[in-house]
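Next comes my_file_16.csv, with CSV, C-alpha atoms (C1' of nucleotides).
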chain,number,residue,atom,x,y,z
A,1,MET,CA,-16.4,11.1,-81.0
A,2,ILE,CA,-17.5,9.3,-84.0
A,3,GLU,CA,-14.5,10.0,-86.1
A,4,ASN,CA,-13.8,6.6,-87.3
A,5,LEU,CA,-17.0,6.3,-89.2
A,6,ASN,CA,-16.2,3.9,-91.9
A,7,ALA,CA,-18.4,3.6,-94.9
A,8,LYS,CA,-19.8,0.4,-93.5
A,9,ASN,CA,-20.9,1.9,-90.3
A,10,LYS,CA,-22.0,5.1,-91.9
A,11,ASP,CA,-24.3,3.2,-94.1
A,12,PHE,CA,-26.1,1.8,-91.1
A,13,PHE,CA,-26.3,5.2,-89.5
A,14,GLU,CA,-27.7,6.8,-92.7
A,15,HIS,CA,-30.4,4.2,-93.0
A,16,VAL,CA,-31.5,4.7,-89.4
A,17,PHE,CA,-31.5,8.5,-89.8
A,18,GLN,CA,-33.4,8.2,-93.0
A,19,VAL,CA,-36.2,6.2,-91.4
A,20,VAL,CA,-36.2,8.3,-88.3
A,21,LYS,CA,-36.5,11.5,-90.3
A,22,LEU,CA,-39.4,10.0,-92.2
A,23,ILE,CA,-41.4,9.4,-89.1
A,24,PRO,CA,-44.5,11.6,-89.3
A,25,SER,CA,-45.4,14.0,-86.6
A,26,GLY,CA,-47.4,12.6,-83.8
A,27,ARG,CA,-46.1,9.1,-84.5
A,28,ALA,CA,-43.3,6.9,-83.1
A,29,THR,CA,-41.5,3.7,-83.9
A,30,SER,CA,-39.4,1.2,-82.1
A,31,TYR,CA,-35.7,0.3,-82.4
A,32,GLY,CA,-36.5,-3.2,-83.4
A,33,ALA,CA,-38.8,-2.0,-86.2
A,34,ILE,CA,-36.0,0.1,-87.6
A,35,ALA,CA,-33.5,-2.7,-87.2
A,36,ASN,CA,-35.9,-5.1,-88.8
A,37,TYR,CA,-36.4,-2.7,-91.7
A,38,LEU,CA,-32.6,-2.5,-92.1
A,39,GLY,CA,-32.4,-6.3,-92.1
A,40,SER,CA,-31.0,-6.6,-88.6
A,41,SER,CA,-33.8,-8.1,-86.5
A,42,ARG,CA,-31.5,-8.2,-83.5
A,43,GLY,CA,-29.8,-5.0,-84.3
A,44,ALA,CA,-32.1,-3.0,-82.1
A,45,ARG,CA,-29.1,-2.1,-79.9
A,46,MET,CA,-27.3,-0.7,-82.9
A,47,VAL,CA,-30.2,1.5,-83.7
A,48,GLY,CA,-30.1,2.8,-80.2
A,49,TRP,CA,-26.4,3.3,-80.6
A,50,ALA,CA,-27.1,5.2,-83.8
A,51,MET,CA,-29.5,7.4,-81.9
A,52,ASN,CA,-26.9,8.2,-79.4
A,53,ALA,CA,-24.8,9.4,-82.3
A,54,SER,CA,-27.7,11.2,-83.8
A,55,HIS,CA,-27.1,14.0,-81.3
A,56,GLN,CA,-24.4,15.4,-83.6
A,57,PHE,CA,-26.7,15.2,-86.6
A,58,PRO,CA,-29.4,17.9,-87.0
A,59,GLY,CA,-32.9,17.0,-88.0
A,60,ILE,CA,-32.9,13.7,-86.2
A,61,PRO,CA,-36.2,13.4,-84.2
A,62,ALA,CA,-34.8,10.8,-81.9
A,63,HIS,CA,-37.7,11.6,-79.5
A,64,ARG,CA,-39.9,9.7,-81.9
A,65,VAL,CA,-37.9,6.5,-81.4
A,66,VAL,CA,-38.8,4.5,-78.3
A,67,ASN,CA,-38.5,0.9,-77.3
A,68,ARG,CA,-40.9,-1.8,-78.2
A,69,ASN,CA,-43.0,-1.2,-75.0
A,70,GLY,CA,-43.5,2.5,-76.0
A,71,LEU,CA,-41.4,3.4,-73.1
A,72,LEU,CA,-39.2,6.5,-73.4
A,73,SER,CA,-36.1,4.5,-72.5
A,74,GLY,CA,-33.8,7.0,-74.1
A,75,LYS,CA,-35.2,10.2,-72.5
A,76,MET,CA,-32.4,10.3,-70.1
A,77,HIS,CA,-29.9,10.7,-72.9
A,78,PHE,CA,-31.6,13.9,-74.2
A,79,PRO,CA,-30.2,17.4,-73.2
A,80,SER,CA,-33.0,17.4,-70.7
A,81,PRO,CA,-34.7,14.2,-69.5
A,82,ASP,CA,-38.1,15.9,-70.0
A,83,SER,CA,-37.2,17.2,-73.5
A,84,MET,CA,-38.3,13.9,-75.1
A,85,GLN,CA,-41.6,13.7,-73.4
A,86,THR,CA,-42.3,17.4,-74.0
A,87,ALA,CA,-41.5,17.1,-77.7
A,88,LEU,CA,-43.8,14.1,-78.1
A,89,GLU,CA,-46.6,15.7,-76.2
A,90,ALA,CA,-46.2,18.8,-78.4
A,91,GLU,CA,-47.0,16.5,-81.4
A,92,GLY,CA,-50.1,15.2,-79.8
A,93,VAL,CA,-48.7,12.0,-78.3
A,94,ILE,CA,-50.1,11.2,-74.9
A,95,ILE,CA,-47.4,10.1,-72.5
A,96,LEU,CA,-48.0,8.8,-69.0
A,97,ASN,CA,-45.3,7.7,-66.6
A,98,ASP,CA,-42.7,8.1,-69.4
A,99,GLN,CA,-44.7,5.7,-71.5
A,100,ILE,CA,-46.6,6.4,-74.7
A,101,GLN,CA,-50.3,5.7,-74.4
A,102,ASP,CA,-52.0,3.9,-77.3
A,103,PHE,CA,-48.5,3.1,-78.6
A,104,GLU,CA,-49.9,0.6,-81.1
A,105,LYS,CA,-52.1,3.4,-82.4
A,106,ILE,CA,-49.3,5.8,-83.1
A,107,PHE,CA,-46.8,3.1,-83.9
A,108,TRP,CA,-45.2,3.8,-87.2
A,109,ASP,CA,-43.7,0.8,-88.8
A,110,PRO,CA,-41.2,1.7,-91.6
A,111,SER,CA,-41.4,-1.8,-93.0
A,112,GLN,CA,-45.2,-1.2,-93.4
A,113,GLU,CA,-45.3,2.4,-94.3
A,114,LEU,CA,-42.1,2.4,-96.4
A,115,LYS,CA,-42.6,-1.0,-97.8
A,116,LEU,CA,-41.0,-1.4,-101.2
A,117,PRO,CA,-43.3,-1.1,-104.2
B,1,DC,C1',-7.0,-10.0,-78.6
B,2,DT,C1',-10.4,-10.6,-74.7
B,3,DA,C1',-13.9,-8.7,-71.9
B,4,DA,C1',-17.5,-5.6,-70.7
B,5,DT,C1',-21.3,-2.4,-72.0
B,6,DG,C1',-25.4,-0.7,-74.3
B,7,DA,C1',-31.4,4.7,-76.1
B,8,DC,C1',-33.4,-3.4,-77.4
B,9,DA,C1',-35.8,-7.8,-78.2
B,10,DA,C1',-37.0,-12.5,-78.0
B,11,DA,C1',-36.7,-16.8,-75.5
B,12,DC,C1',-36.6,-19.4,-71.4
B,13,DT,C1',-37.6,-20.7,-66.5
C,1,DC,C1',-48.0,-14.7,-66.2
C,2,DA,C1',-43.8,-12.4,-64.5
C,3,DG,C1',-39.0,-12.2,-63.9
C,4,DT,C1',-34.6,-13.6,-65.5
C,5,DT,C1',-31.2,-14.8,-69.2
C,6,DT,C1',-29.3,-15.0,-73.7
C,7,DG,C1',-28.5,-13.1,-78.3
C,8,DC,C1',-27.3,-9.5,-81.6
C,9,DC,C1',-23.8,-6.0,-83.6
C,10,DA,C1',-20.8,-2.5,-82.7
C,11,DT,C1',-17.9,0.4,-79.6
C,12,DT,C1',-15.0,1.1,-75.7
C,13,DA,C1',-11.6,-0.2,-72.1
Full structure transcribed into C-alpha cells:
Amino acid sequence: MIENLNAKNKDFFEHVFQVVKLIPSGRATSYGAIANYLGSSRGARMVGWAMNASHQFPGIPAHRVVNRNGLLSGKMHFPSPDSMQTALEAEGVIILNDQIQDFEKIFWDPSQELKLP
DNA sequence: CTAATGACAAACT
DNA sequence: CAGTTTGCCATTA
C-alpha cells in the first residue's frame, strides 16, 4: 500500500498522472519520455513504478504508456493481461505480438506536445 | 544500514 | 548488428 506517500513522492506521482491523463486517445508515450519531461531522464523506472501505483487512482490510462520499443511491457500488470491491448485497439492503435505498430506515428511526446510556451 | 528488485533506457562488448 | 551490462531513483526485504 502506498500509505507513506510523502509530499516529495506524491509530487512525482502527480506529474506522471497529469501527463498520462493528457495523452490523447489513440496515442501512446514511453516511460522515458515522461521521465524526461519530469526532468529525470533516467527515472523511467520510477515512472513505471508510478504506473504500478496508478491502479489505485481512477482515470489513469496506464494502457497508453509503453516502453520505448512500443512494447506492452506492463500488460501483465493489468487486471487482465489482454486488457491493455484491447483498450489500445479500441482506440485505433494497431498492436501485433504485444507491440504497437507504427509506434513512432502514434508516439505522444509530452515534452513536445506539452512544451512550455 | 546494506542488498535486491523493478511496467526502463542508454552504453558497452 | 545483437546481446549483455550498468545506471537511475525509489521501494521492499
Do you have, as a Markdown table, the list of residues of chain B lying at most 8 Å from chain A, each with its nearest atom pair and that distance in Å to one decimal, counting only C-alpha atoms (C1' of nucleotides) and ordered by chain then number?
| residue | atom | partner | partner_atom | distance |
| --- | --- | --- | --- | --- |
| B:DG6 | C1' | A:Arg45 | CA | 6.9 |
| B:DA7 | C1' | A:Gly74 | CA | 3.9 |
| B:DC8 | C1' | A:Ala44 | CA | 4.9 |
| B:DA9 | C1' | A:Arg42 | CA | 6.8 |
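Proximity of A:Ile60, A:Leu22, A:Leu38, A:Met84 to A:Ile100, computed with only C-alpha atoms, is greatest for A:Met84.
The residue that comes closest to A:Phe57, out of A:Gln85, A:Val16, A:Leu71, A:Gly39 and on the basis of all atoms listed in the file, is A:Val16.
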Query raised in the report: Would you list which chain C residues are within 7 Å of chain A using all atoms listed in the file, as a ChimeraX atom specification?
Result: /C:8-10
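Going from atom CA of A:Ile95 over to atom CA of A:Gly70, you cover 9.2 Å.
Residues lying within 9 Å of B:DC12, counting all atoms listed in the file and ignoring same-chain neighbours fewer than 3 positions away, are DT4, DT5 and DT6 of chain C.
Counting from atom CA of A:Gly59, the distance to atom CA of A:Asn97 is 26.4 Å.
The spacing separating atom CA of A:Glu89 from atom CA of A:Asp109 amounts to 19.7 Å.
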Regenerate stretch 86-105 of chain A at the level of N, CA, C and O atoms and dump it as a compact mmCIF listing (two decimals), in the frame of the given file.
# COMPACT_ATOMS: atom_id res chain seq x y z
N THR A 86 -41.72 16.11 -73.61
CA THR A 86 -42.30 17.40 -74.00
C THR A 86 -42.47 17.45 -75.53
O THR A 86 -43.50 17.87 -76.04
N ALA A 87 -41.44 17.03 -76.24
CA ALA A 87 -41.50 17.10 -77.70
C ALA A 87 -42.59 16.18 -78.23
O ALA A 87 -43.33 16.57 -79.14
N LEU A 88 -42.73 15.01 -77.66
CA LEU A 88 -43.80 14.10 -78.10
C LEU A 88 -45.16 14.63 -77.78
O LEU A 88 -46.07 14.59 -78.61
N GLU A 89 -45.31 15.17 -76.60
CA GLU A 89 -46.60 15.70 -76.20
C GLU A 89 -46.99 16.88 -77.10
O GLU A 89 -48.15 17.10 -77.40
N ALA A 90 -45.97 17.64 -77.52
CA ALA A 90 -46.20 18.80 -78.40
C ALA A 90 -46.75 18.31 -79.75
O ALA A 90 -47.39 19.07 -80.47
N GLU A 91 -46.51 17.06 -80.08
CA GLU A 91 -47.00 16.50 -81.40
C GLU A 91 -48.30 15.79 -81.20
O GLU A 91 -48.82 15.21 -82.14
N GLY A 92 -48.82 15.82 -79.99
CA GLY A 92 -50.10 15.20 -79.80
C GLY A 92 -50.03 13.80 -79.19
O GLY A 92 -51.04 13.12 -79.05
N VAL A 93 -48.84 13.38 -78.86
CA VAL A 93 -48.70 12.00 -78.30
C VAL A 93 -48.92 12.09 -76.78
O VAL A 93 -48.39 12.94 -76.09
N ILE A 94 -49.76 11.20 -76.33
CA ILE A 94 -50.10 11.20 -74.90
C ILE A 94 -49.03 10.29 -74.19
O ILE A 94 -48.85 9.12 -74.53
N ILE A 95 -48.40 10.87 -73.22
CA ILE A 95 -47.40 10.10 -72.50
C ILE A 95 -47.72 10.11 -71.00
O ILE A 95 -48.01 11.14 -70.41
N LEU A 96 -47.71 8.93 -70.43
CA LEU A 96 -48.00 8.80 -69.00
C LEU A 96 -46.94 7.91 -68.36
O LEU A 96 -46.67 6.82 -68.83
N ASN A 97 -46.35 8.45 -67.32
CA ASN A 97 -45.30 7.70 -66.60
C ASN A 97 -44.17 7.32 -67.59
O ASN A 97 -43.69 6.20 -67.61
N ASP A 98 -43.79 8.28 -68.41
CA ASP A 98 -42.70 8.10 -69.40
C ASP A 98 -43.02 6.99 -70.38
O ASP A 98 -42.13 6.42 -70.98
N GLN A 99 -44.29 6.71 -70.55
CA GLN A 99 -44.70 5.70 -71.50
C GLN A 99 -45.76 6.21 -72.44
O GLN A 99 -46.69 6.88 -72.01
N ILE A 100 -45.61 5.90 -73.72
CA ILE A 100 -46.60 6.40 -74.70
C ILE A 100 -47.89 5.60 -74.58
O ILE A 100 -47.88 4.37 -74.55
N GLN A 101 -48.98 6.34 -74.51
CA GLN A 101 -50.30 5.70 -74.40
C GLN A 101 -50.78 5.40 -75.85
O GLN A 101 -50.54 6.18 -76.76
N ASP A 102 -51.49 4.30 -75.99
CA ASP A 102 -52.00 3.90 -77.30
C ASP A 102 -50.81 3.79 -78.30
O ASP A 102 -50.90 4.26 -79.41
N PHE A 103 -49.74 3.22 -77.82
CA PHE A 103 -48.50 3.10 -78.60
C PHE A 103 -48.81 2.43 -79.96
O PHE A 103 -48.36 2.85 -81.01
N GLU A 104 -49.57 1.37 -79.89
CA GLU A 104 -49.90 0.60 -81.10
C GLU A 104 -50.66 1.46 -82.10
O GLU A 104 -50.67 1.18 -83.29
N LYS A 105 -51.32 2.49 -81.58
CA LYS A 105 -52.10 3.40 -82.40
C LYS A 105 -51.21 4.34 -83.19
O LYS A 105 -51.41 4.61 -84.39
